[in-house]
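Enquirer: Just so it is clear, I am handing over model-v4.tsv, which has TSV, C-alpha atoms and all ligand atoms.
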chain	number	residue	atom	x	y	z
C	1	MET	CA	12.49	1.43	-14.96
C	2	THR	CA	10.10	2.98	-12.46
C	3	LEU	CA	7.94	5.95	-13.42
C	4	ILE	CA	6.48	7.93	-10.50
C	5	ILE	CA	3.59	10.28	-11.27
C	6	LEU	CA	1.75	12.58	-8.90
C	7	GLY	CA	-2.04	12.20	-8.81
C	8	LYS	CA	-2.45	15.78	-10.04
C	9	ASP	CA	-0.36	15.03	-13.14
C	10	ILE	CA	-1.72	11.63	-14.12
C	11	THR	CA	-3.14	11.27	-17.65
C	12	GLU	CA	-6.28	9.39	-18.67
C	13	LYS	CA	-4.06	6.83	-20.44
C	14	GLN	CA	-2.07	6.24	-17.25
C	15	ILE	CA	-5.30	5.83	-15.26
C	16	THR	CA	-6.46	3.23	-17.80
C	17	ASP	CA	-3.07	1.46	-17.62
C	18	PHE	CA	-3.22	1.45	-13.82
C	19	ASN	CA	-6.75	0.01	-13.76
C	20	GLN	CA	-5.86	-2.65	-16.32
C	21	ALA	CA	-2.78	-3.65	-14.34
C	22	TRP	CA	-4.76	-3.85	-11.09
C	23	ASN	CA	-7.53	-5.93	-12.68
C	24	THR	CA	-5.00	-8.29	-14.28
C	25	ALA	CA	-3.20	-8.76	-10.95
C	26	PHE	CA	-6.37	-9.31	-8.91
C	27	ASP	CA	-8.34	-11.04	-11.68
C	28	LYS	CA	-11.20	-8.57	-11.23
C	29	ASP	CA	-13.06	-6.02	-13.32
C	30	LYS	CA	-13.26	-2.80	-11.34
C	31	VAL	CA	-12.44	0.88	-11.60
C	32	ILE	CA	-9.87	1.38	-8.87
C	33	LEU	CA	-8.50	4.73	-9.90
C	34	ASP	CA	-10.42	7.60	-11.46
C	35	LYS	CA	-10.04	11.35	-11.75
C	36	ALA	CA	-12.78	11.97	-9.19
C	37	THR	CA	-11.23	10.03	-6.33
C	38	ILE	CA	-7.54	10.36	-7.02
C	39	ASN	CA	-5.73	12.57	-4.54
C	40	PRO	CA	-3.49	15.24	-6.16
C	41	ALA	CA	-0.65	14.25	-3.82
C	42	ASP	CA	-0.94	10.50	-4.50
C	43	LYS	CA	2.23	9.00	-5.87
C	44	ILE	CA	1.51	6.44	-8.57
C	45	PHE	CA	4.23	3.95	-9.39
C	46	PHE	CA	4.55	2.25	-12.78
C	47	GLU	CA	7.22	-0.45	-13.08
C	48	TYR	CA	8.40	-1.29	-16.61
C	49	ASP	CA	10.51	-4.15	-17.92
C	50	HIS	CA	11.88	-3.15	-21.35
C	51	ASP	CA	8.98	-0.72	-21.93
C	52	ILE	CA	6.36	-3.28	-20.91
C	53	LEU	CA	4.28	-2.34	-17.86
C	54	VAL	CA	4.74	-5.13	-15.30
C	55	ALA	CA	3.55	-3.68	-11.98
C	56	VAL	CA	1.81	-0.69	-10.39
C	57	ALA	CA	1.25	0.64	-6.89
C	58	ARG	CA	0.02	3.81	-5.23
C	59	LEU	CA	1.15	5.75	-2.18
C	60	ARG	CA	-1.37	7.96	-0.36
C	61	LYS	CA	-0.98	10.10	2.72
C	62	ILE	CA	-3.27	8.72	5.41
C	63	SER	CA	-4.90	11.74	6.97
C	64	PRO	CA	-6.36	12.45	9.44
C	65	ILE	CA	-5.33	9.75	11.91
C	66	TYR	CA	-6.53	9.88	15.53
C	67	VAL	CA	-4.94	7.87	18.32
C	68	GLY	CA	-7.58	8.06	21.02
C	69	GLU	CA	-8.93	11.59	20.69
C	70	VAL	CA	-5.60	13.10	19.67
C	71	GLY	CA	-4.69	13.77	16.05
C	72	TYR	CA	-1.42	12.10	15.01
C	73	GLN	CA	0.57	14.97	13.54
C	74	GLU	CA	3.43	13.24	11.69
C	75	GLU	CA	2.99	12.05	8.11
C	76	VAL	CA	1.92	8.45	7.58
C	77	TRP	CA	1.70	7.10	4.04
C	78	GLY	CA	-0.16	4.03	2.86
C	79	LEU	CA	1.26	1.58	0.34
C	80	CYS	CA	-1.76	0.47	-1.68
C	81	ASP	CA	-2.85	-1.54	-4.70
C	82	VAL	CA	0.46	-3.35	-5.19
C	83	SER	CA	-0.32	-5.18	-8.44
C	84	VAL	CA	1.81	-7.25	-10.76
C	85	CYS	CA	0.38	-7.46	-14.28
C	86	GLY	CA	3.52	-9.05	-15.74
C	87	THR	CA	4.44	-12.63	-14.94
C	88	LYS	CA	4.19	-13.20	-11.20
C	89	GLY	CA	7.14	-14.67	-9.34
C	90	ARG	CA	9.78	-12.86	-11.39
C	91	GLY	CA	10.62	-10.28	-8.76
C	92	TYR	CA	8.54	-7.41	-10.21
C	93	GLY	CA	6.41	-7.02	-7.08
C	94	LYS	CA	9.40	-6.95	-4.76
C	95	LYS	CA	11.24	-4.52	-7.02
C	96	LEU	CA	8.29	-2.12	-6.99
C	97	VAL	CA	7.83	-2.27	-3.21
C	98	LEU	CA	11.57	-1.73	-2.71
C	99	HIS	CA	11.41	1.26	-5.07
C	100	SER	CA	8.51	2.67	-3.05
C	101	ILE	CA	10.48	2.26	0.18
C	102	ASP	CA	13.51	3.87	-1.41
C	103	TYR	CA	11.38	6.76	-2.67
C	104	CYS	CA	10.06	7.34	0.86
C	105	LYS	CA	13.57	7.31	2.31
C	106	HIS	CA	14.68	9.94	-0.19
C	107	HIS	CA	11.61	12.15	0.32
C	108	GLY	CA	11.59	12.29	4.10
C	109	ILE	CA	8.63	9.92	4.52
C	110	LYS	CA	9.33	8.06	7.75
C	111	SER	CA	6.09	6.07	8.03
C	112	LEU	CA	4.92	3.78	5.26
C	113	ILE	CA	2.35	1.16	6.12
C	114	GLY	CA	0.28	-1.35	4.19
C	115	LEU	CA	-2.65	-3.56	5.05
C	116	HIS	CA	-3.30	-7.03	3.68
C	117	GLY	CA	-5.72	-9.81	4.53
C	118	LYS	CA	-4.78	-12.13	7.37
C	119	ASP	CA	-6.10	-15.02	5.33
C	120	THR	CA	-3.46	-14.51	2.62
C	121	THR	CA	0.20	-15.51	2.37
C	122	LEU	CA	1.24	-11.89	1.90
C	123	ASP	CA	3.07	-11.71	5.26
C	124	ASN	CA	5.77	-13.66	3.46
C	125	PHE	CA	5.83	-11.36	0.42
C	126	TYR	CA	6.13	-8.17	2.49
C	127	THR	CA	8.75	-9.77	4.73
C	128	LYS	CA	10.76	-10.50	1.57
C	129	CYS	CA	10.39	-6.79	0.82
C	130	ARG	CA	12.19	-6.05	4.13
C	131	MET	CA	9.02	-4.98	5.91
C	132	LEU	CA	7.83	-6.18	9.29
C	133	ILE	CA	4.36	-7.51	10.08
C	134	ASN	CA	2.08	-6.76	13.01
C	135	GLU	CA	-1.32	-8.33	13.60
C	136	ASP	CA	-2.30	-6.56	16.83
C	137	ILE	CA	-2.35	-2.94	15.67
C	138	PRO	CA	-5.10	-3.43	13.02
C	139	LYS	CA	-7.34	-4.86	15.75
C	140	ARG	CA	-7.38	-1.34	17.24
C	141	MET	CA	-7.78	0.41	13.89
C	142	THR	CA	-11.23	1.64	12.93
C	143	ARG	CA	-12.73	3.43	9.99
C	144	ILE	CA	-16.21	4.75	9.45
C	145	LYS	CA	-18.25	3.64	6.46
C	146	ASN	CA	-21.86	4.77	6.08
C	147	ASN	CA	-22.01	5.70	9.78
C	148	GLU	CA	-20.82	2.22	10.73
C	149	ILE	CA	-17.57	1.79	12.67
C	150	LEU	CA	-15.53	-1.02	11.14
C	151	THR	CA	-12.38	-2.54	12.62
C	152	LEU	CA	-9.48	-3.70	10.51
C	153	GLY	CA	-8.85	-6.80	12.61
C	154	HIS	CA	-9.09	-9.02	9.54
C	155	CYS	CA	-5.89	-7.40	8.23
C	156	ASN	CA	-2.23	-7.44	9.14
C	157	ILE	CA	-0.12	-4.33	8.85
C	158	SER	CA	3.24	-4.23	7.08
C	159	TYR	CA	5.69	-1.50	8.06
C	160	LEU	CA	9.33	-0.52	7.99
C	161	PRO	CA	11.73	-1.16	10.88
C	162	LYS	CA	11.68	1.72	13.42
C	163	ASP	CA	8.58	3.26	11.87
C	164	PRO	CA	7.74	6.12	14.28
C	165	PHE	CA	3.96	5.76	13.86
C	166	VAL	CA	4.04	2.04	14.55
C	167	GLU	CA	6.35	2.54	17.55
C	168	PHE	CA	3.98	5.23	18.84
C	169	VAL	CA	0.85	3.10	18.58
C	170	LYS	CA	2.63	0.05	20.00
C	171	ASN	CA	3.06	2.10	23.18
C	172	SER	CA	-0.60	3.01	23.34
C	173	LYS	CA	-3.77	1.06	23.99
C	174	ASP	CA	-6.03	3.63	22.34
C	175	VAL	CA	-8.20	3.07	19.34
C	176	ILE	CA	-6.65	4.31	16.08
C	177	LYS	CA	-9.08	6.04	13.72
C	178	VAL	CA	-8.10	6.16	10.06
C	179	PRO	CA	-9.99	7.47	7.01
C	180	HIS	CA	-12.43	5.13	5.30
C	181	SER	CA	-10.12	4.64	2.35
C	182	TRP	CA	-6.54	5.56	1.59
X	201	LIG	C1	1.65	-10.30	-4.39
X	201	LIG	C2	2.37	-9.82	-5.64
X	201	LIG	C3	2.43	-8.29	-5.65
X	201	LIG	C4	3.79	-10.40	-5.61
X	201	LIG	O1	4.50	-9.97	-6.76
X	201	LIG	P1	5.45	-10.99	-7.54
X	201	LIG	O2	6.16	-10.22	-8.57
X	201	LIG	O3	4.65	-12.14	-7.98
X	201	LIG	O4	6.42	-11.47	-6.38
X	201	LIG	P2	8.03	-11.48	-6.39
X	201	LIG	O5	8.49	-12.33	-7.51
X	201	LIG	O6	8.52	-10.07	-6.37
X	201	LIG	O7	8.31	-12.22	-5.01
X	201	LIG	C5	9.22	-11.74	-4.04
X	201	LIG	C6	9.29	-12.78	-2.93
X	201	LIG	O8	8.01	-12.87	-2.29
X	201	LIG	C7	7.50	-14.20	-2.38
X	201	LIG	N1	6.08	-14.08	-2.75
X	201	LIG	C8	5.59	-13.53	-3.89
X	201	LIG	N2	4.24	-13.56	-3.88
X	201	LIG	C9	3.90	-14.15	-2.73
X	201	LIG	C10	2.65	-14.47	-2.16
X	201	LIG	N3	1.47	-14.20	-2.78
X	201	LIG	N4	2.64	-15.08	-0.95
X	201	LIG	C11	3.80	-15.37	-0.33
X	201	LIG	N5	5.02	-15.08	-0.80
X	201	LIG	C12	5.06	-14.48	-2.00
X	201	LIG	C13	8.25	-14.86	-3.50
X	201	LIG	O9	8.34	-16.25	-3.30
X	201	LIG	C14	9.59	-14.18	-3.46
X	201	LIG	O10	10.43	-14.81	-2.51
X	201	LIG	P3	12.03	-14.94	-2.80
X	201	LIG	O11	12.55	-13.52	-2.85
X	201	LIG	O12	12.53	-15.73	-1.65
X	201	LIG	O13	12.14	-15.63	-4.12
X	201	LIG	C15	1.69	-10.31	-6.96
X	201	LIG	O14	1.64	-11.72	-6.92
X	201	LIG	C16	0.29	-9.78	-7.17
X	201	LIG	O15	0.12	-8.79	-7.85
X	201	LIG	N6	-0.72	-10.47	-6.56
X	201	LIG	C17	-2.12	-10.09	-6.71
X	201	LIG	C18	-2.43	-8.77	-6.06
X	201	LIG	C19	-2.08	-8.73	-4.57
X	201	LIG	O16	-2.44	-9.59	-3.79
X	201	LIG	N7	-1.38	-7.62	-4.20
X	201	LIG	C20	-1.01	-7.37	-2.82
X	201	LIG	C21	-2.03	-6.47	-2.22
X	201	LIG	S1	-1.76	-6.19	-0.50
Just dump the structure as structure tokens.
Expert:
Amino acid sequence: MTLIILGKDITEKQITDFNQAWNTAFDKDKVILDKATINPADKIFFEYDHDILVAVARLRKISPIYVGEVGYQEEVWGLCDVSVCGTKGRGYGKKLVLHSIDYCKHHGIKSLIGLHGKDTTLDNFYTKCRMLINEDIPKRMTRIKNNEILTLGHCNISYLPKDPFVEFVKNSKDVIKVPHSW
């Protein structure tokens, strides 16, 4: 079963569950989600197997985006923090990503993108989730952190076939500016 909660409705218990799931998946000890930074429109996914939480993920609208100096007006959503806290390799991650894609299709979201490290094997995982991979677009993506302009060239982007944002930026040579975090 997949539970989908909006950021504005999430409870403290669900925030704790999300953080625990993320830390289990990544083998880290961090606060990833908290009331202060959560976006009210975020969509938080909780995947359960017989009432046991096995995976989480978060969708956030990426806004604003500039391609060159022009603001990209259509909605682009980011697929973030895909984390399996149940046993890995049992299909939970794929199920959750496919649910997220399905959710987008049913809610008029035409652009859903994710970023993952080039130095990982995650191209394969996202391909299994019916997404496509591009390594050139992130080389033109920048974000500003503490007045420093960073490129995302160390990442690959995953996206859905015929994604209008990806098609648009493929036809451009301009720099793509995205928010520091999404
Ligand atoms: C990556 C992750 C989400 C995958 O979830 P999972 O439940 O273990 O994977 P699934 O069982 O759903 O695998 C689906 C397919 O992807 C493949 N796959 C899974 N993890 C993979 C990985 N890390 N690298 C390459 N391929 C992978 C599987 O072999 C499987 O292929 P198949 O359908 O041919 O059998 C999970 O391992 C995880 O939480 N990792 C740590 C956090 C992380 O890196 N998240 C991604 C952030 S961008």
Enquirer: Rounded to one decimal, what separation in Å do you get between CA of Lys177 in chain C and CA of Asp34 in chain C?
Expert: 25.3 Å
Enquirer: When you count only C-alpha atoms, which of these residues is closest to Trp77 in chain C: C:Thr2, C:Tyr159, C:Gln20, C:Arg90?
Expert: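 Nearest candidate to Trp77 in chain C out of C:Thr2, C:Tyr159, C:Gln20, C:Arg90: C:Tyr159.
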Enquirer: Using only C-alpha atoms and all ligand atoms, what does the table of chain C residues within 9 Å of ligand LIG 201 (chain X) look like, with each row giving the shortest atom pair and its distance in Å to one decimal, sorted by chain and ascending number, as a tab-separated table?
Expert:
residue	atom	partner	partner_atom	distance
C:Ala21	CA	X:LIG201	O15	8.8
C:Trp22	CA	X:LIG201	C18	7.4
C:Asn23	CA	X:LIG201	C18	8.8
C:Thr24	CA	X:LIG201	O15	8.2
C:Ala25	CA	X:LIG201	O15	4.5
C:Phe26	CA	X:LIG201	C17	4.8
C:Asp27	CA	X:LIG201	C17	8.0
C:Val54	CA	X:LIG201	O2	8.6
C:Ala55	CA	X:LIG201	O15	7.4
C:Val56	CA	X:LIG201	O15	8.7
C:Leu79	CA	X:LIG201	S1	8.4
C:Cys80	CA	X:LIG201	S1	6.8
C:Asp81	CA	X:LIG201	C21	5.6
C:Val82	CA	X:LIG201	N7	4.8
C:Ser83	CA	X:LIG201	O15	3.7
C:Val84	CA	X:LIG201	O15	3.7
C:Cys85	CA	X:LIG201	O15	6.6
C:Gly86	CA	X:LIG201	O2	7.7
C:Thr87	CA	X:LIG201	O3	7.0
C:Lys88	CA	X:LIG201	O3	3.4
C:Gly89	CA	X:LIG201	O5	3.3
C:Arg90	CA	X:LIG201	O5	4.1
C:Gly91	CA	X:LIG201	O6	3.2
C:Tyr92	CA	X:LIG201	O2	4.0
C:Gly93	CA	X:LIG201	O1	3.5
C:Lys94	CA	X:LIG201	O6	3.6
C:Lys95	CA	X:LIG201	O6	6.2
C:Leu96	CA	X:LIG201	O6	8.0
C:Val97	CA	X:LIG201	O6	8.4
C:Gly114	CA	X:LIG201	S1	7.0
C:Leu115	CA	X:LIG201	S1	6.2
C:His116	CA	X:LIG201	S1	4.5
C:Gly117	CA	X:LIG201	S1	7.4
C:Thr120	CA	X:LIG201	N4	7.1
C:Thr121	CA	X:LIG201	N4	4.1
C:Leu122	CA	X:LIG201	N4	4.5
C:Asp123	CA	X:LIG201	C11	6.7
C:Asn124	CA	X:LIG201	N5	4.6
C:Phe125	CA	X:LIG201	O8	3.8
C:Tyr126	CA	X:LIG201	O8	7.0
C:Thr127	CA	X:LIG201	O8	7.7
C:Lys128	CA	X:LIG201	C6	5.3
C:Cys129	CA	X:LIG201	C5	7.0
Enquirer: Within 12 Å of Thr37 in chain C, counting all atoms listed in the file, which residues show up once you throw out same-chain ones fewer than 3 positions away? Write them as a VMD selection string, please.
Expert: chain C and resid 7 to 8 15 31 to 34 40 to 42 60 181 to 182
Enquirer: Nearest residue to Ser111 in chain C out of C:Ile52, C:Met1, C:Val178, C:Val166, using only C-alpha atoms?
Expert: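 Looking at the shortest contact to Ser111 in chain C, the residue is C:Val166.
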Enquirer: Please compute the CA of Tyr66 in chain C-CA of Tyr103 in chain C distance, one decimal, in Å.
Expert: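 Between these atoms lies a distance of 25.7 Å.
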Enquirer: From the options C:Leu132, C:Ile144, C:Ile65, C:Ala57, which residue's atoms come nearest to Lys43 in chain C, counting all atoms listed in the file?
Expert: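 Result for the nearest residue to Lys43 in chain C: C:Ala57.
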Enquirer: Which polymer residues, protein or nucleic acid, are no farther than 9 Å from (-1.8, -11.6, 10.8), counting only C-alpha atoms, as a list in words?
Expert: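 The requested residues, written out, are His116, Gly117, Lys118, Asp119, Thr120, Asp123, Ile133, Asn134, Glu135, Asp136, Gly153, His154, Cys155, Asn156 and Ile157 of chain C.
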Enquirer: Reconstruct N, CA and C atoms of range 125-142 of chain C; output as a compact mmCIF listing (two decimals), in the frame of the given file.
Expert:
# COMPACT_ATOMS: atom_id res chain seq x y z
N PHE C 125 5.40 -12.28 1.49
CA PHE C 125 5.83 -11.36 0.42
C PHE C 125 6.39 -10.07 1.02
N TYR C 126 5.65 -9.46 1.96
CA TYR C 126 6.13 -8.17 2.49
C TYR C 126 7.38 -8.35 3.35
N THR C 127 7.52 -9.50 3.99
CA THR C 127 8.75 -9.77 4.73
C THR C 127 9.93 -9.83 3.76
N LYS C 128 9.70 -10.44 2.60
CA LYS C 128 10.76 -10.50 1.57
C LYS C 128 11.10 -9.10 1.06
N CYS C 129 10.15 -8.18 1.22
CA CYS C 129 10.39 -6.79 0.82
C CYS C 129 10.97 -5.98 1.98
N ARG C 130 11.52 -6.66 2.97
CA ARG C 130 12.19 -6.05 4.13
C ARG C 130 11.25 -5.29 5.04
N MET C 131 9.97 -5.63 4.99
CA MET C 131 9.02 -4.98 5.91
C MET C 131 8.75 -5.94 7.06
N LEU C 132 8.20 -5.39 8.13
CA LEU C 132 7.83 -6.18 9.29
C LEU C 132 6.30 -6.29 9.30
N ILE C 133 5.81 -7.26 10.05
CA ILE C 133 4.36 -7.51 10.08
C ILE C 133 3.86 -7.41 11.52
N ASN C 134 2.70 -6.79 11.69
CA ASN C 134 2.08 -6.76 13.01
C ASN C 134 0.60 -7.09 12.85
N GLU C 135 0.10 -7.97 13.72
CA GLU C 135 -1.32 -8.33 13.60
C GLU C 135 -2.17 -7.73 14.70
N ASP C 136 -1.53 -7.11 15.71
CA ASP C 136 -2.30 -6.56 16.83
C ASP C 136 -2.81 -5.15 16.55
N ILE C 137 -1.96 -4.35 15.89
CA ILE C 137 -2.35 -2.94 15.67
C ILE C 137 -3.66 -2.83 14.87
N PRO C 138 -3.84 -3.58 13.77
CA PRO C 138 -5.10 -3.43 13.02
C PRO C 138 -6.35 -3.77 13.85
N LYS C 139 -6.17 -4.55 14.92
CA LYS C 139 -7.34 -4.86 15.75
C LYS C 139 -7.86 -3.61 16.45
N ARG C 140 -6.97 -2.61 16.60
CA ARG C 140 -7.38 -1.34 17.24
C ARG C 140 -7.66 -0.25 16.21
N MET C 141 -7.55 -0.60 14.94
CA MET C 141 -7.78 0.41 13.89
C MET C 141 -9.24 0.39 13.47
N THR C 142 -9.84 1.57 13.38
CA THR C 142 -11.23 1.64 12.93
C THR C 142 -11.36 2.66 11.80
